Amino acid sequence: MCGIIGLTGYKSVINDLLFGLTTLQHRGQSSCGIVTFQDVFHSKKGLGLINNVFDENALQTLPGHTGLGHVRYATQGTDELLNVQPFTINYPFGIAMIHNGNVINFNELRKSLYEDYHILLETSNDLELILYTFSSELGKKDLKNLTVDSIFEAVEKTQQMVIGAYSAVTYIANRGMLAFVDPYGIRPLVMGKKETPDGVIYGFASESTCFDYLQYETVGPIEPGEAVFIDENKNVYREICLAKGKAFCIFEYIYFSREDSVINKKLVADERMKMGKLLAKKIRKAGLHPDIIIDVPSSAYFFATSLAEELGIPYRRGLAKNNHIGRSFIQSSQKEREQTAKLKLNPIKNIIEGKKVAIVDDSIVRGTTSKNIVRMLRSAGAEQVYFISAAPPIKNPCVYGIDMAISSELIGRNEVEEIKKYLEVDALIYQSLEDLQELYKEESFCYACFSGKYPVEETSEYLSEIETERLGRQAQL
Ligand code: SF4
């Protein structure tokens with residue numbers, strides 16, 4: 001999972017770019033980078049959080065009316081400076097690019113870029129594949145008389161060749177800013193704009209909350225297969241280049257996106273409340289009567305409060321959170337995740353002691369964090385602990401940009417009774433996939449990590465390759 005932002009205006013964009021990128025920090029904490037353009041590309045990248053990489057001095061070195069910013073959580077490629085986005089190349093134009101997602105035909109594409117164009121990739125980041133595929137296609141056009149149509153044709157060719165999930169923003173030097181998404185629109189990308197005395201500024205970002213902070217107007221989402229080009233005079237061109245369906249990631253609503261973001265015209269907080277209400281019927285059916293409902297802060301708050309409201313049971317904040325520790329889900333190794341979970345949460349004894357506690361979390365991935373939390377609640381004196389997952393059991397790995405775990409690590413593949421025993425809970429309730437699909441029956445989401453039905457038809461060809469590659473990466477840790 002990554003966060004991306006691109007802005008193009010008339011005056012220096014670095015302040016807005018950096019501020020906007022900060023609002024996306026939750027989407028990636030392993031590295032970050034910014035590229036701006038003024039005559040040439042100016043770049044600053046580093047490992048770690050935005051605050052650690054960018055200071056006053058760095059801002060002075062990033063001039064220009066256009067720029068791209070990226071926060072990264074690695075899915076393809078290692079956590080090295082070499083793999084930190086944005087990437088730039090100099091042919092056929094100066095081109096800078098960022099993306100969020102995961103290319104699944106990585107090896108095949110790398111081979112064909114070498115065989116067809118003699119391009120030897122320098123990194124293990126899949127962005128390089130998208131960038132070179134796009135630039136190679138663009139290079140076939142009449143470069144002296146480049147048109148918007150020819151740019152969209154190059155996007156379409158790229159969409160045909162690059163299989164997987166990607167929301168990309170690119171700047172073609174002295175021509176304009178281009179945004180495009182894969183044919184299924186799996187990862188989010190939203191457009192924003194702001195009228196200023198100097199002219200209009202346009203932008204693209206992973207989440208609308210970014211534009212709220214910047215006081216830009218949110219124009220709306222980029223649709224599956226769509227490309228948007230903004231030329232240097234700020235004329236906007238949009239075209240669906242190659243669409244194959246709609247399979248937006250349901251997990252963006254469950255966990256990844258901020259609650260104040262409007263993703264695909266839905267407020268994330270609202271969707272979490274609807275999902276929380278759905279859980280009530282399962283709790284009633286199981287005959288559970290908790291004294292209090294608490295949440296695992298902070299992504300489970302809306303599930304827990306709406307569930308409590310629906311059941312008429314008090315919601316309490318039973319776990320205090322240290323907000324200065326990163327999200328445990330997106331730490332790189334199991335050891336890091338466990339250490340982070342311990343540092344991050346502390347039970348509030350007076351609230352927990354002697355109570356039948358229903359604790360709501362957004363999901364259960366490996367189960368180790370959940371088990372630690374259950375033990376915390378027991379040590380704080382909980383009489384009984386019921387664990388409620390707002391997501392259905394996660395049984396399959398995500399190959400579209402979320403490095404959850406490999407299949408064998410997913411606890412959701414086991415029987416519920418076994419999971420209950422492992423977590424040491426008195427009851428375990430999962431959201432039902434059928435209920436979730438019924439809630440969104442008018443729409444088309446990706447539910448593959450629950451159902452195993454991957455929307456991109458070529459996925460099964462690459463699934464074992466991807467799993468083997470991940471296993472290899474884990475073995476090296
Ligand atoms: S597999 Fe799961 S996490 Fe991955 S895109 Fe689909 S719904 Fe989202």
# chains A, B, ... in the order shown; residues from 1 in each chain; ligands from 1
$ closest_atom_pairs --of "chain A" --to "ligand 1" --cutoff "10 Å" --atoms "only C-alpha atoms and all ligand atoms" --output "JSON lines"
{"residue": "A:Met1", "atom": "CA", "partner": "ligand 1", "partner_atom_place_in_ligand_line": "3 (S)", "distance": 9.4}
{"residue": "A:Gly101", "atom": "CA", "partner": "ligand 1", "partner_atom_place_in_ligand_line": "5 (S)", "distance": 8.8}
{"residue": "A:Asn102", "atom": "CA", "partner": "ligand 1", "partner_atom_place_in_ligand_line": "5 (S)", "distance": 9.7}
{"residue": "A:Gly164", "atom": "CA", "partner": "ligand 1", "partner_atom_place_in_ligand_line": "5 (S)", "distance": 9.9}
{"residue": "A:Ala165", "atom": "CA", "partner": "ligand 1", "partner_atom_place_in_ligand_line": "5 (S)", "distance": 7.9}
{"residue": "A:Gly185", "atom": "CA", "partner": "ligand 1", "partner_atom_place_in_ligand_line": "5 (S)", "distance": 9.8}
{"residue": "A:Ile186", "atom": "CA", "partner": "ligand 1", "partner_atom_place_in_ligand_line": "5 (S)", "distance": 6.1}
{"residue": "A:Arg187", "atom": "CA", "partner": "ligand 1", "partner_atom_place_in_ligand_line": "5 (S)", "distance": 7.3}
{"residue": "A:Ala247", "atom": "CA", "partner": "ligand 1", "partner_atom_place_in_ligand_line": "6 (Fe)", "distance": 7.8}
{"residue": "A:Phe248", "atom": "CA", "partner": "ligand 1", "partner_atom_place_in_ligand_line": "5 (S)", "distance": 7.0}
{"residue": "A:Cys249", "atom": "CA", "partner": "ligand 1", "partner_atom_place_in_ligand_line": "8 (Fe)", "distance": 3.8}
{"residue": "A:Ile250", "atom": "CA", "partner": "ligand 1", "partner_atom_place_in_ligand_line": "7 (S)", "distance": 4.8}
{"residue": "A:Phe251", "atom": "CA", "partner": "ligand 1", "partner_atom_place_in_ligand_line": "8 (Fe)", "distance": 4.8}
{"residue": "A:Glu252", "atom": "CA", "partner": "ligand 1", "partner_atom_place_in_ligand_line": "8 (Fe)", "distance": 6.8}
{"residue": "A:Tyr253", "atom": "CA", "partner": "ligand 1", "partner_atom_place_in_ligand_line": "8 (Fe)", "distance": 9.4}
{"residue": "A:Ile254", "atom": "CA", "partner": "ligand 1", "partner_atom_place_in_ligand_line": "8 (Fe)", "distance": 9.4}
{"residue": "A:Tyr255", "atom": "CA", "partner": "ligand 1", "partner_atom_place_in_ligand_line": "3 (S)", "distance": 9.3}
{"residue": "A:Phe256", "atom": "CA", "partner": "ligand 1", "partner_atom_place_in_ligand_line": "3 (S)", "distance": 9.0}
{"residue": "A:Ile394", "atom": "CA", "partner": "ligand 1", "partner_atom_place_in_ligand_line": "2 (Fe)", "distance": 8.2}
{"residue": "A:Lys395", "atom": "CA", "partner": "ligand 1", "partner_atom_place_in_ligand_line": "2 (Fe)", "distance": 9.7}
{"residue": "A:Asn396", "atom": "CA", "partner": "ligand 1", "partner_atom_place_in_ligand_line": "1 (S)", "distance": 7.3}
{"residue": "A:Pro397", "atom": "CA", "partner": "ligand 1", "partner_atom_place_in_ligand_line": "1 (S)", "distance": 6.5}
{"residue": "A:Cys398", "atom": "CA", "partner": "ligand 1", "partner_atom_place_in_ligand_line": "4 (Fe)", "distance": 4.0}
{"residue": "A:Val399", "atom": "CA", "partner": "ligand 1", "partner_atom_place_in_ligand_line": "4 (Fe)", "distance": 6.1}
{"residue": "A:Tyr400", "atom": "CA", "partner": "ligand 1", "partner_atom_place_in_ligand_line": "5 (S)", "distance": 5.1}
{"residue": "A:Gly401", "atom": "CA", "partner": "ligand 1", "partner_atom_place_in_ligand_line": "4 (Fe)", "distance": 6.7}
{"residue": "A:Ile402", "atom": "CA", "partner": "ligand 1", "partner_atom_place_in_ligand_line": "3 (S)", "distance": 5.7}
{"residue": "A:Asp403", "atom": "CA", "partner": "ligand 1", "partner_atom_place_in_ligand_line": "3 (S)", "distance": 8.5}
{"residue": "A:Met404", "atom": "CA", "partner": "ligand 1", "partner_atom_place_in_ligand_line": "3 (S)", "distance": 7.8}
{"residue": "A:Phe445", "atom": "CA", "partner": "ligand 1", "partner_atom_place_in_ligand_line": "7 (S)", "distance": 7.2}
{"residue": "A:Cys446", "atom": "CA", "partner": "ligand 1", "partner_atom_place_in_ligand_line": "6 (Fe)", "distance": 4.4}
{"residue": "A:Tyr447", "atom": "CA", "partner": "ligand 1", "partner_atom_place_in_ligand_line": "7 (S)", "distance": 4.2}
{"residue": "A:Ala448", "atom": "CA", "partner": "ligand 1", "partner_atom_place_in_ligand_line": "1 (S)", "distance": 4.2}
{"residue": "A:Cys449", "atom": "CA", "partner": "ligand 1", "partner_atom_place_in_ligand_line": "1 (S)", "distance": 4.1}
{"residue": "A:Phe450", "atom": "CA", "partner": "ligand 1", "partner_atom_place_in_ligand_line": "2 (Fe)", "distance": 6.9}
{"residue": "A:Ser451", "atom": "CA", "partner": "ligand 1", "partner_atom_place_in_ligand_line": "1 (S)", "distance": 8.7}
{"residue": "A:Gly452", "atom": "CA", "partner": "ligand 1", "partner_atom_place_in_ligand_line": "1 (S)", "distance": 7.9}
{"residue": "A:Lys453", "atom": "CA", "partner": "ligand 1", "partner_atom_place_in_ligand_line": "1 (S)", "distance": 8.6}
{"residue": "A:Tyr454", "atom": "CA", "partner": "ligand 1", "partner_atom_place_in_ligand_line": "1 (S)", "distance": 7.0}
{"residue": "A:Pro455", "atom": "CA", "partner": "ligand 1", "partner_atom_place_in_ligand_line": "6 (Fe)", "distance": 8.0}
{"residue": "A:Val456", "atom": "CA", "partner": "ligand 1", "partner_atom_place_in_ligand_line": "6 (Fe)", "distance": 9.9}
$ write_last_selection --atoms "C-alpha atoms" --output "PDB file, in the first residue's frame"
ATOM      1  CA  MET A   1       0.000   0.000   0.000  1.00  0.00           C
ATOM      2  CA  GLY A 101      -0.546  -0.937  -6.440  1.00  0.00           C
ATOM      3  CA  ASN A 102       1.239  -4.051  -7.593  1.00  0.00           C
ATOM      4  CA  GLY A 164      -2.275  -5.940 -11.941  1.00  0.00           C
ATOM      5  CA  ALA A 165      -3.430  -3.002  -9.858  1.00  0.00           C
ATOM      6  CA  GLY A 185      -9.792   0.476 -10.880  1.00  0.00           C
ATOM      7  CA  ILE A 186      -8.590  -1.555  -7.905  1.00  0.00           C
ATOM      8  CA  ARG A 187      -6.651   1.139  -6.040  1.00  0.00           C
ATOM      9  CA  ALA A 247     -13.235  -4.220  -8.767  1.00  0.00           C
ATOM     10  CA  PHE A 248     -12.421  -1.557  -6.237  1.00  0.00           C
ATOM     11  CA  CYS A 249     -10.653  -2.900  -3.124  1.00  0.00           C
ATOM     12  CA  ILE A 250     -13.216  -3.354  -0.325  1.00  0.00           C
ATOM     13  CA  PHE A 251     -10.376  -3.242   2.193  1.00  0.00           C
ATOM     14  CA  GLU A 252      -9.922   0.464   1.501  1.00  0.00           C
ATOM     15  CA  TYR A 253     -13.183   0.928   3.430  1.00  0.00           C
ATOM     16  CA  ILE A 254     -12.367  -1.633   6.102  1.00  0.00           C
ATOM     17  CA  TYR A 255      -8.863  -0.568   7.007  1.00  0.00           C
ATOM     18  CA  PHE A 256      -6.557   1.289   4.637  1.00  0.00           C
ATOM     19  CA  ILE A 394      -8.968 -13.463   5.310  1.00  0.00           C
ATOM     20  CA  LYS A 395      -8.123 -16.690   3.501  1.00  0.00           C
ATOM     21  CA  ASN A 396      -6.166 -15.577   0.462  1.00  0.00           C
ATOM     22  CA  PRO A 397      -3.203 -13.260  -0.087  1.00  0.00           C
ATOM     23  CA  CYS A 398      -3.661  -9.907  -1.752  1.00  0.00           C
ATOM     24  CA  VAL A 399      -1.611  -9.575  -4.918  1.00  0.00           C
ATOM     25  CA  TYR A 400      -2.870  -6.103  -5.763  1.00  0.00           C
ATOM     26  CA  GLY A 401      -0.649  -3.973  -3.579  1.00  0.00           C
ATOM     27  CA  ILE A 402      -1.317  -5.052   0.002  1.00  0.00           C
ATOM     28  CA  ASP A 403       1.404  -7.217   1.460  1.00  0.00           C
ATOM     29  CA  MET A 404      -0.823  -8.869   4.078  1.00  0.00           C
ATOM     30  CA  PHE A 445     -15.790  -4.699  -5.386  1.00  0.00           C
ATOM     31  CA  CYS A 446     -12.749  -6.922  -5.119  1.00  0.00           C
ATOM     32  CA  TYR A 447     -13.317  -9.405  -2.253  1.00  0.00           C
ATOM     33  CA  ALA A 448     -10.523 -11.781  -3.329  1.00  0.00           C
ATOM     34  CA  CYS A 449      -8.732 -11.994   0.014  1.00  0.00           C
ATOM     35  CA  PHE A 450     -11.977 -13.427   1.465  1.00  0.00           C
ATOM     36  CA  SER A 451     -13.413 -15.310  -1.501  1.00  0.00           C
ATOM     37  CA  GLY A 452     -10.343 -16.283  -3.531  1.00  0.00           C
ATOM     38  CA  LYS A 453     -12.061 -14.914  -6.647  1.00  0.00           C
ATOM     39  CA  TYR A 454      -9.444 -12.600  -8.109  1.00  0.00           C
ATOM     40  CA  PRO A 455     -10.943 -10.037 -10.491  1.00  0.00           C
ATOM     41  CA  VAL A 456      -7.932  -9.820 -12.827  1.00  0.00           C
TER      42      VAL A 456
END
$ residues_around --residues "Leu377 (chain A)" --least-positions-apart "4" --cutoff "10 Å" --atoms "only C-alpha atoms" --output "VMD selection string"
chain A and resid 318 to 319 346 to 349 352 to 353 355 357 359 371 to 373 381 to 385
$ write_last_selection --atoms "N, CA and C atoms" --output "compact mmCIF listing (two decimals), in the first residue's frame"
# COMPACT_ATOMS: atom_id res chain seq x y z
N GLY A 318 -11.58 1.15 25.75
CA GLY A 318 -10.95 0.23 26.72
C GLY A 318 -9.46 0.07 26.55
N LEU A 319 -8.96 0.54 25.40
CA LEU A 319 -7.51 0.44 25.16
C LEU A 319 -6.98 1.83 24.85
N ASN A 346 -2.47 -0.12 25.56
CA ASN A 346 -2.46 -0.40 27.00
C ASN A 346 -3.92 -0.47 27.48
N PRO A 347 -4.33 -1.56 28.15
CA PRO A 347 -5.73 -1.64 28.58
C PRO A 347 -6.02 -0.69 29.74
N ILE A 348 -7.23 -0.14 29.74
CA ILE A 348 -7.63 0.76 30.84
C ILE A 348 -8.38 -0.10 31.86
N LYS A 349 -7.67 -0.43 32.93
CA LYS A 349 -8.11 -1.47 33.86
C LYS A 349 -9.52 -1.24 34.43
N ILE A 352 -12.20 -2.30 32.03
CA ILE A 352 -12.20 -3.71 31.61
C ILE A 352 -12.56 -4.67 32.76
N GLU A 353 -12.08 -4.39 33.94
CA GLU A 353 -12.12 -5.33 35.07
C GLU A 353 -13.54 -5.83 35.39
N LYS A 355 -15.67 -7.33 33.55
CA LYS A 355 -16.68 -7.16 32.50
C LYS A 355 -16.58 -8.28 31.45
N VAL A 357 -16.31 -8.45 27.86
CA VAL A 357 -15.87 -7.42 26.91
C VAL A 357 -15.96 -7.95 25.47
N ILE A 359 -14.58 -7.06 22.00
CA ILE A 359 -13.59 -6.17 21.38
C ILE A 359 -13.68 -6.29 19.86
N LYS A 371 -4.22 -12.00 19.45
CA LYS A 371 -3.99 -12.84 20.63
C LYS A 371 -3.33 -12.02 21.75
N ASN A 372 -2.37 -11.18 21.38
CA ASN A 372 -1.71 -10.32 22.38
C ASN A 372 -2.71 -9.38 23.04
N ILE A 373 -3.63 -8.87 22.24
CA ILE A 373 -4.63 -7.94 22.77
C ILE A 373 -5.56 -8.67 23.75
N GLY A 381 -8.23 -7.96 33.82
CA GLY A 381 -9.36 -8.44 34.64
C GLY A 381 -10.65 -8.69 33.89
N ALA A 382 -10.61 -8.79 32.55
CA ALA A 382 -11.86 -9.06 31.81
C ALA A 382 -12.42 -10.43 32.24
N GLU A 383 -13.74 -10.47 32.46
CA GLU A 383 -14.35 -11.74 32.88
C GLU A 383 -14.46 -12.68 31.67
N GLN A 384 -14.91 -12.11 30.55
CA GLN A 384 -14.97 -12.87 29.30
C GLN A 384 -14.53 -11.95 28.16
N VAL A 385 -13.95 -12.54 27.11
CA VAL A 385 -13.55 -11.72 25.95
C VAL A 385 -14.16 -12.32 24.68
$ atom_distance --atom1 "CA of Gly69 (chain A)" --atom2 "CA of Glu122 (chain A)"
20.6 Å
$ residues_around --residues "Phe37 (chain A)" --least-positions-apart "5" --cutoff "12 Å" --atoms "only C-alpha atoms" --output "compact mmCIF listing (two decimals) with all heavy atoms, in the first residue's frame"
# COMPACT_ATOMS: atom_id res chain seq x y z
N GLY A 6 0.01 14.20 -6.81
CA GLY A 6 0.64 14.98 -7.88
C GLY A 6 -0.09 16.30 -7.99
O GLY A 6 -1.33 16.33 -7.95
N LEU A 7 0.63 17.40 -8.09
CA LEU A 7 0.01 18.72 -8.21
C LEU A 7 0.64 19.48 -9.38
O LEU A 7 1.86 19.41 -9.58
CB LEU A 7 0.22 19.55 -6.94
CG LEU A 7 -0.37 19.01 -5.63
CD1 LEU A 7 0.01 19.93 -4.46
CD2 LEU A 7 -1.89 18.87 -5.71
N THR A 8 -0.19 20.20 -10.12
CA THR A 8 0.34 21.06 -11.17
C THR A 8 -0.39 22.40 -11.17
O THR A 8 -1.61 22.45 -11.24
CB THR A 8 0.28 20.37 -12.56
OG1 THR A 8 0.87 21.25 -13.53
CG2 THR A 8 -1.12 19.96 -13.00
N GLY A 9 0.40 23.48 -11.01
CA GLY A 9 -0.19 24.82 -10.92
C GLY A 9 0.65 25.81 -11.69
O GLY A 9 1.18 25.49 -12.76
N TYR A 10 0.79 27.02 -11.12
CA TYR A 10 1.57 28.06 -11.79
C TYR A 10 2.73 28.56 -10.96
O TYR A 10 3.70 29.10 -11.46
CB TYR A 10 0.65 29.24 -12.16
CG TYR A 10 -0.33 28.86 -13.24
CD1 TYR A 10 -1.58 28.37 -12.93
CD2 TYR A 10 0.04 28.96 -14.58
CE1 TYR A 10 -2.47 28.00 -13.93
CE2 TYR A 10 -0.84 28.60 -15.59
CZ TYR A 10 -2.09 28.12 -15.25
OH TYR A 10 -2.96 27.75 -16.25
N LYS A 11 2.58 28.41 -9.64
CA LYS A 11 3.67 28.83 -8.75
C LYS A 11 4.23 27.61 -8.05
O LYS A 11 3.75 26.50 -8.25
CB LYS A 11 3.11 29.81 -7.71
CG LYS A 11 2.85 31.19 -8.28
CD LYS A 11 2.54 32.14 -7.16
CE LYS A 11 2.62 33.58 -7.65
NZ LYS A 11 2.21 34.52 -6.62
N SER A 12 5.17 27.83 -7.18
CA SER A 12 5.80 26.70 -6.47
C SER A 12 4.74 25.85 -5.76
O SER A 12 3.85 26.36 -5.08
CB SER A 12 6.77 27.25 -5.43
OG SER A 12 7.16 26.21 -4.58
N VAL A 13 4.83 24.53 -5.95
CA VAL A 13 3.83 23.64 -5.34
C VAL A 13 4.38 22.89 -4.11
O VAL A 13 3.65 22.13 -3.49
CB VAL A 13 3.30 22.57 -6.34
CG1 VAL A 13 2.38 23.18 -7.36
CG2 VAL A 13 4.43 21.79 -6.98
N ILE A 14 5.63 23.12 -3.77
CA ILE A 14 6.25 22.25 -2.77
C ILE A 14 5.53 22.27 -1.41
O ILE A 14 5.38 21.23 -0.77
CB ILE A 14 7.78 22.53 -2.62
CG1 ILE A 14 8.41 21.52 -1.65
CG2 ILE A 14 8.08 23.94 -2.23
CD1 ILE A 14 8.27 20.08 -2.02
N HIS A 42 13.87 17.98 -9.93
CA HIS A 42 14.56 18.15 -8.64
C HIS A 42 13.97 17.11 -7.71
O HIS A 42 12.74 16.98 -7.62
CB HIS A 42 14.31 19.55 -8.08
CG HIS A 42 14.71 20.63 -9.03
ND1 HIS A 42 15.96 21.23 -9.00
CD2 HIS A 42 14.04 21.20 -10.06
CE1 HIS A 42 16.03 22.12 -9.97
NE2 HIS A 42 14.88 22.13 -10.64
N SER A 43 14.83 16.39 -7.02
CA SER A 43 14.32 15.24 -6.28
C SER A 43 14.91 15.14 -4.88
O SER A 43 16.07 15.48 -4.65
CB SER A 43 14.67 14.00 -7.12
OG SER A 43 14.68 12.86 -6.35
N THR A 61 15.30 23.14 -2.06
CA THR A 61 15.90 22.50 -3.23
C THR A 61 14.85 21.90 -4.17
O THR A 61 15.20 21.16 -5.10
CB THR A 61 16.86 21.38 -2.80
OG1 THR A 61 16.09 20.37 -2.12
CG2 THR A 61 17.95 21.89 -1.88
N LEU A 62 13.56 22.18 -3.89
CA LEU A 62 12.51 21.57 -4.70
C LEU A 62 11.61 22.63 -5.35
O LEU A 62 10.45 22.81 -4.97
CB LEU A 62 11.67 20.61 -3.84
CG LEU A 62 12.42 19.38 -3.33
CD1 LEU A 62 11.65 18.70 -2.21
CD2 LEU A 62 12.67 18.40 -4.47
N PRO A 63 12.15 23.40 -6.33
CA PRO A 63 11.36 24.46 -6.96
C PRO A 63 10.44 23.90 -8.06
O PRO A 63 10.63 22.76 -8.51
CB PRO A 63 12.44 25.35 -7.58
CG PRO A 63 13.53 24.39 -7.96
CD PRO A 63 13.50 23.28 -6.91
N GLY A 64 9.47 24.69 -8.48
CA GLY A 64 8.68 24.31 -9.66
C GLY A 64 7.19 24.34 -9.43
O GLY A 64 6.71 24.25 -8.31
N HIS A 65 6.46 24.46 -10.56
CA HIS A 65 5.00 24.58 -10.51
C HIS A 65 4.31 23.22 -10.54
O HIS A 65 3.09 23.13 -10.50
CB HIS A 65 4.52 25.44 -11.69
CG HIS A 65 4.70 24.75 -13.01
ND1 HIS A 65 5.93 24.54 -13.57
CD2 HIS A 65 3.80 24.22 -13.87
CE1 HIS A 65 5.79 23.91 -14.73
NE2 HIS A 65 4.49 23.70 -14.93
N THR A 66 5.10 22.16 -10.66
CA THR A 66 4.54 20.83 -10.77
C THR A 66 5.38 19.87 -9.94
O THR A 66 6.61 20.00 -9.89
CB THR A 66 4.56 20.37 -12.25
OG1 THR A 66 3.62 21.15 -12.97
CG2 THR A 66 4.19 18.91 -12.40
N GLY A 67 4.73 18.91 -9.30
CA GLY A 67 5.51 17.93 -8.54
C GLY A 67 4.71 16.70 -8.19
O GLY A 67 3.47 16.68 -8.26
N LEU A 68 5.44 15.66 -7.83
CA LEU A 68 4.84 14.38 -7.44
C LEU A 68 5.41 13.97 -6.08
O LEU A 68 6.60 14.17 -5.82
CB LEU A 68 5.20 13.28 -8.45
CG LEU A 68 4.90 13.51 -9.93
CD1 LEU A 68 5.42 12.33 -10.76
CD2 LEU A 68 3.40 13.68 -10.15
N THR A 88 12.33 8.92 -12.29
CA THR A 88 12.37 9.80 -13.47
C THR A 88 13.23 9.15 -14.56
O THR A 88 14.15 8.40 -14.25
CB THR A 88 12.99 11.18 -13.14
OG1 THR A 88 14.28 10.98 -12.56
CG2 THR A 88 12.14 11.96 -12.17
N GLY A 94 11.48 14.10 -20.62
CA GLY A 94 11.68 13.93 -19.19
C GLY A 94 10.35 13.44 -18.63
O GLY A 94 9.30 14.05 -18.88
N ILE A 95 10.35 12.29 -17.97
CA ILE A 95 9.10 11.76 -17.41
C ILE A 95 9.34 11.38 -15.95
O ILE A 95 10.31 10.68 -15.65
CB ILE A 95 8.60 10.52 -18.19
CG1 ILE A 95 8.35 10.86 -19.65
CG2 ILE A 95 7.31 9.98 -17.56
CD1 ILE A 95 7.90 9.67 -20.51
N ALA A 96 8.46 11.85 -15.07
CA ALA A 96 8.50 11.43 -13.66
C ALA A 96 7.23 10.64 -13.39
O ALA A 96 6.18 10.95 -13.96
CB ALA A 96 8.57 12.64 -12.76
N THR A 170 1.86 10.77 -13.49
CA THR A 170 3.12 11.03 -14.16
C THR A 170 3.17 12.47 -14.67
O THR A 170 2.13 13.08 -14.92
CB THR A 170 3.32 10.00 -15.32
OG1 THR A 170 4.56 10.21 -15.94
CG2 THR A 170 2.23 10.04 -16.33
N TYR A 171 4.37 13.01 -14.75
CA TYR A 171 4.52 14.34 -15.33
C TYR A 171 5.44 14.22 -16.54
O TYR A 171 6.56 13.69 -16.43
CB TYR A 171 5.11 15.33 -14.32
CG TYR A 171 5.28 16.70 -14.94
CD1 TYR A 171 4.17 17.45 -15.34
CD2 TYR A 171 6.54 17.23 -15.17
CE1 TYR A 171 4.32 18.68 -15.96
CE2 TYR A 171 6.70 18.48 -15.78
CZ TYR A 171 5.58 19.19 -16.17
OH TYR A 171 5.72 20.41 -16.79
N ILE A 172 4.93 14.67 -17.69
CA ILE A 172 5.74 14.67 -18.91
C ILE A 172 6.26 16.10 -19.06
O ILE A 172 5.48 17.04 -19.23
CB ILE A 172 4.89 14.26 -20.14
CG1 ILE A 172 4.17 12.92 -19.86
CG2 ILE A 172 5.75 14.16 -21.39
CD1 ILE A 172 3.14 12.53 -20.92
N ALA A 173 7.57 16.25 -18.98
CA ALA A 173 8.18 17.58 -18.89
C ALA A 173 7.71 18.52 -19.99
O ALA A 173 7.74 18.17 -21.18
CB ALA A 173 9.69 17.45 -18.93
N ASN A 174 7.25 19.67 -19.57
CA ASN A 174 6.78 20.73 -20.48
C ASN A 174 5.57 20.35 -21.33
O ASN A 174 5.22 21.07 -22.26
CB ASN A 174 7.92 21.21 -21.41
CG ASN A 174 9.05 21.80 -20.62
OD1 ASN A 174 8.82 22.59 -19.71
ND2 ASN A 174 10.27 21.41 -20.93
N ARG A 175 4.96 19.20 -21.04
CA ARG A 175 3.75 18.80 -21.76
C ARG A 175 2.55 18.77 -20.83
O ARG A 175 1.49 19.30 -21.17
CB ARG A 175 3.92 17.41 -22.40
CG ARG A 175 5.01 17.33 -23.45
CD ARG A 175 4.66 18.25 -24.63
NE ARG A 175 5.42 17.96 -25.84
CZ ARG A 175 6.67 18.31 -26.04
NH1 ARG A 175 7.35 18.93 -25.11
NH2 ARG A 175 7.26 18.04 -27.20
N GLY A 176 2.69 18.14 -19.66
CA GLY A 176 1.56 18.15 -18.73
C GLY A 176 1.56 16.97 -17.78
O GLY A 176 2.46 16.13 -17.81
N MET A 177 0.53 16.94 -16.94
CA MET A 177 0.41 15.88 -15.93
C MET A 177 -0.64 14.87 -16.39
O MET A 177 -1.71 15.22 -16.88
CB MET A 177 0.00 16.49 -14.59
CG MET A 177 -0.12 15.45 -13.49
SD MET A 177 -0.20 16.20 -11.85
CE MET A 177 1.53 16.54 -11.56
$ residues_around --residues "Leu18 (chain A)" --least-positions-apart "3" --cutoff "10 Å" --atoms "only C-alpha atoms" --output "NGL selection string"
:A and (5 or 13-15 or 21-23 or 33-34 or 50-51 or 54 or 59 or 67-70)
$ residues_around --residues "region 265-279 of chain A" --least-positions-apart "2" --cutoff "9 Å" --atoms "only C-alpha atoms" --output "JSON, numbers by chain"
{"A": [220, 221, 252, 253, 254, 257, 258, 259, 260, 261, 262, 263, 281, 282, 283, 284, 300, 301, 302, 303, 304, 305, 306, 307, 308, 309, 310, 311, 388, 389, 390, 391, 429, 430, 431, 432, 435, 436, 439]}
$ residues_around --residues "Ala243 (chain A)" --least-positions-apart "5" --cutoff "7 Å" --atoms "only C-alpha atoms" --output "ChimeraX atom specification"
/A:183-184,224-225
$ select_by_dssp --residues "region 162-394 of chain A" --states "helix (DSSP H, G or I)" --output "ChimeraX atom specification"
/A:209-214,251-256,268-285,301-311,328-330,334-344,349-352,368-379
$ select_by_dssp --residues "region 216-318 of chain A" --states "strand (DSSP E)" --output "ChimeraX atom specification"
/A:217-221,226-231,236-240,248-249,262-263,266-267,292-295
$ atom_distance --atom1 "CA of Ser298 (chain A)" --atom2 "CA of Lys344 (chain A)"
11.0 Å
$ atom_distance --atom1 "CA of Asp149 (chain A)" --atom2 "CA of Glu137 (chain A)"
12.7 Å
$ residues_around --residues "Leu131 (chain A)" --least-positions-apart "2" --cutoff "10 Å" --atoms "only C-alpha atoms" --output "PyMOL selection string"
chain A and resi 87-89+95-99+126-129+133-136+158+168+170
